[in-house]
Amino acid sequence: MAHFSLEGKIALVTGASYGIGFAIACGYAKAGATVVFNDINQDLVNKGIAAYEAEGIRAHGYVCDVTNEDQVNAMVAQIEKEVGVIDILVNNAGIIKRIPMHEMKAAEFRQVIDIDLNGPFIVAKAVLPSMMKKNGGKIINICSMMSELGRETVSAYAAAKGGLKMLTRNIASEYGEYNIQCNGLGPGYIATPQTAPLREKQADGSPHPFDQFIIAKTPAARWGTPEDLVGPAIFLASEASNFVNGHILYVDGGILAYIGKQP
Ligand code: NAP
Ligand code: GCO
């Protein structure tokens, strides 16, 4: 359907050598977009390019740390020169540090905020001028359950993702008149390298307690997969969402709606 087509569009997905970003970028390519991605070092970029090729996708990869404004500005200029003006930005790159707040160093807190909140600001700021000039664009920020909820050990991540929710709403507010839509995608608990520690089997082979906890908290009674995010991500990147702005689309199997199964 034309509404959901990304034909002729150029999409930059940050931190997309693997994981959620990679799945979204593959979905965008299959919907017709030209895929551009960055990652933190050449090794990851090379691995990413090979992974896209294995999917039959010719992706453009760049080494760029999203927290470094000079690197980001140089990357966007290089993309515009080599590929074209970016139509769709997905701020996906992110980290998490699971440390009890009273034990977390300020430098560790700052690092999470820098990558998960300052990074999306820097990259969105870099792509806005061209989107404003062509009077159109899509910015999609990868938020989280922690944009709404807290839990033990993730103070920095929750602060960053809560801030990212409001940055999303502010970009929507400030740039809607340029036909730029900025929305958030809020994944639930997704099986990727980032959550692997929460799913590791116990020494006796039993499931990780957190694994069981998430199953009980999710009406769908399963972890999400990166592929569960692809359709919603295409929706937010396509013309089908041209009047959706400042919205956080949670793709969580129902976690936020559910008190949880009685033990
Ligand atoms: P992941 O597997 O850890 O992948 C994150 C990617 O971002 C990696 O390629 C990572 O590179 C890259 N990255 C980290 N710091 C970067 C920087 N400074 N500049 C550029 N790239 C950088 O994570 P994921 O599970 O796919 O998550 C992707 C996004 O979804 C994150 O924003 C995460 O917070 C969010 N999210 C994840 C879940 C979940 O359950 N998995 C749920 C909700 C939201 P390295 O390999 O070098 O670290
Ligand atoms: C955690 C998890 C979560 C997920 C995701 C949930 O430790 O609680 O890593 O934060 O990554 O953000 O939406």
# chains A, B, ... in the order shown; residues from 1 in each chain; ligands from 1

call {"tool": "residues_near_ligand", "arguments": {"ligand": "ligand 2", "cutoff": "6 Å", "atoms": "only C-alpha atoms and all ligand atoms", "output": "ChimeraX atom specification"}}
result
/A:144-146,187-189,195

call {"tool": "residues_around", "arguments": {"residues": "segment 201-213 of chain A", "least_positions_apart": "5", "cutoff": "12 Å", "atoms": "only C-alpha atoms", "output": "list in words"}}
result
Arg151, Glu152, Tyr189, Ile190, Ala191, Thr195, Ala196, Thr218, Pro219, Ala221, Arg222, Trp223, Gly224, Ile255, Ile259, Gly260, Lys261, Gln262 and Pro263 of chain A

call {"tool": "closest_residue", "arguments": {"among": "A:Ala160, A:Leu128, A:Ala51, A:Val83", "to": "ligand 1", "atoms": "only C-alpha atoms and all ligand atoms"}}
result
A:Ala160

call {"tool": "select_by_dssp", "arguments": {"residues": "segment 9-242 of chain A", "states": "helix (DSSP H, G or I)", "output": "VMD selection string"}}
result
chain A and resid 19 to 30 42 to 54 69 to 82 101 to 103 106 to 133 145 to 147 155 to 178 193 to 198 209 to 217 226 to 237 239 to 241

call {"tool": "closest_residue", "arguments": {"among": "A:Met131, A:Ile139, A:Val123, A:Ile113", "to": "Gly84 of chain A", "atoms": "only C-alpha atoms"}}
result
A:Met131

call {"tool": "residues_around", "arguments": {"residues": "segment 56-59 of chain A", "least_positions_apart": "5", "cutoff": "7 Å", "atoms": "only C-alpha atoms", "output": "JSON, numbers by chain"}}
result
{"A": [29, 35, 36, 49]}

call {"tool": "write_last_selection", "arguments": {"atoms": "all heavy atoms", "output": "mmCIF file, in the first residue's frame"}}
result
data_model
loop_
_atom_site.group_PDB
_atom_site.id
_atom_site.type_symbol
_atom_site.label_atom_id
_atom_site.label_comp_id
_atom_site.auth_asym_id
_atom_site.auth_seq_id
_atom_site.Cartn_x
_atom_site.Cartn_y
_atom_site.Cartn_z
ATOM 1 N N ALA A 29 14.379 -1.401 4.464
ATOM 2 C CA ALA A 29 14.891 -1.758 3.122
ATOM 3 C C ALA A 29 13.836 -2.543 2.356
ATOM 4 O O ALA A 29 13.584 -2.284 1.175
ATOM 5 C CB ALA A 29 16.172 -2.565 3.257
ATOM 6 N N VAL A 35 19.044 2.168 3.062
ATOM 7 C CA VAL A 35 19.427 2.100 4.472
ATOM 8 C C VAL A 35 20.836 2.622 4.697
ATOM 9 O O VAL A 35 21.784 2.240 4.015
ATOM 10 C CB VAL A 35 19.314 0.648 4.986
ATOM 11 C CG1 VAL A 35 20.062 0.460 6.300
ATOM 12 C CG2 VAL A 35 17.845 0.274 5.164
ATOM 13 N N VAL A 36 20.943 3.522 5.659
ATOM 14 C CA VAL A 36 22.227 4.047 6.115
ATOM 15 C C VAL A 36 22.297 3.788 7.618
ATOM 16 O O VAL A 36 21.290 3.943 8.317
ATOM 17 C CB VAL A 36 22.329 5.557 5.841
ATOM 18 C CG1 VAL A 36 23.697 6.081 6.268
ATOM 19 C CG2 VAL A 36 22.051 5.870 4.374
ATOM 20 N N ILE A 49 27.554 -4.390 7.703
ATOM 21 C CA ILE A 49 27.401 -4.403 6.240
ATOM 22 C C ILE A 49 27.272 -5.846 5.742
ATOM 23 O O ILE A 49 26.413 -6.162 4.919
ATOM 24 C CB ILE A 49 28.585 -3.679 5.569
ATOM 25 C CG1 ILE A 49 28.436 -2.164 5.776
ATOM 26 C CG2 ILE A 49 28.650 -4.001 4.070
ATOM 27 C CD1 ILE A 49 29.626 -1.349 5.344
#

call {"tool": "residues_around", "arguments": {"residues": "Ala107 of chain A", "least_positions_apart": "6", "cutoff": "12 Å", "atoms": "only C-alpha atoms", "output": "NGL selection string"}}
result
:A and (97 or 113-114 or 156)

call {"tool": "write_last_selection", "arguments": {"atoms": "all heavy atoms", "output": "tab-separated table (two decimals), in the first residue's frame"}}
result
chain	number	residue	atom	x	y	z
A	97	LYS	N	23.31	0.64	31.85
A	97	LYS	CA	24.19	0.16	32.92
A	97	LYS	C	23.28	-0.21	34.09
A	97	LYS	O	22.56	0.65	34.62
A	97	LYS	CB	25.19	1.24	33.34
A	97	LYS	CG	26.30	1.46	32.30
A	97	LYS	CD	27.33	2.49	32.81
A	97	LYS	CE	28.39	2.75	31.77
A	97	LYS	NZ	29.17	1.53	31.42
A	113	ILE	N	23.43	8.88	30.08
A	113	ILE	CA	22.68	10.06	29.62
A	113	ILE	C	23.27	10.57	28.30
A	113	ILE	O	22.56	10.94	27.36
A	113	ILE	CB	22.74	11.19	30.68
A	113	ILE	CG1	22.09	10.74	31.99
A	113	ILE	CG2	22.10	12.46	30.14
A	113	ILE	CD1	20.59	10.60	31.98
A	114	ASP	N	24.60	10.54	28.19
A	114	ASP	CA	25.27	11.07	27.01
A	114	ASP	C	24.87	10.29	25.76
A	114	ASP	O	24.50	10.86	24.73
A	114	ASP	CB	26.80	10.99	27.21
A	114	ASP	CG	27.55	12.00	26.36
A	114	ASP	OD1	26.90	12.96	25.87
A	114	ASP	OD2	28.75	11.84	26.17
A	156	ALA	N	19.95	5.64	35.66
A	156	ALA	CA	20.46	6.47	34.55
A	156	ALA	C	19.66	6.23	33.28
A	156	ALA	O	19.29	7.15	32.56
A	156	ALA	CB	21.94	6.16	34.32

call {"tool": "residues_around", "arguments": {"residues": "Arg98 of chain A", "least_positions_apart": "2", "cutoff": "9 Å", "atoms": "only C-alpha atoms", "output": "ChimeraX atom specification"}}
result
/A:96,100-101,104,152-157

call {"tool": "residues_around", "arguments": {"residues": "segment 68-79 of chain A", "least_positions_apart": "6", "cutoff": "12 Å", "atoms": "only C-alpha atoms", "output": "PyMOL selection string"}}
result
chain A and resi 10-14+34-40+59-62+85-87+89+114-115+118-130
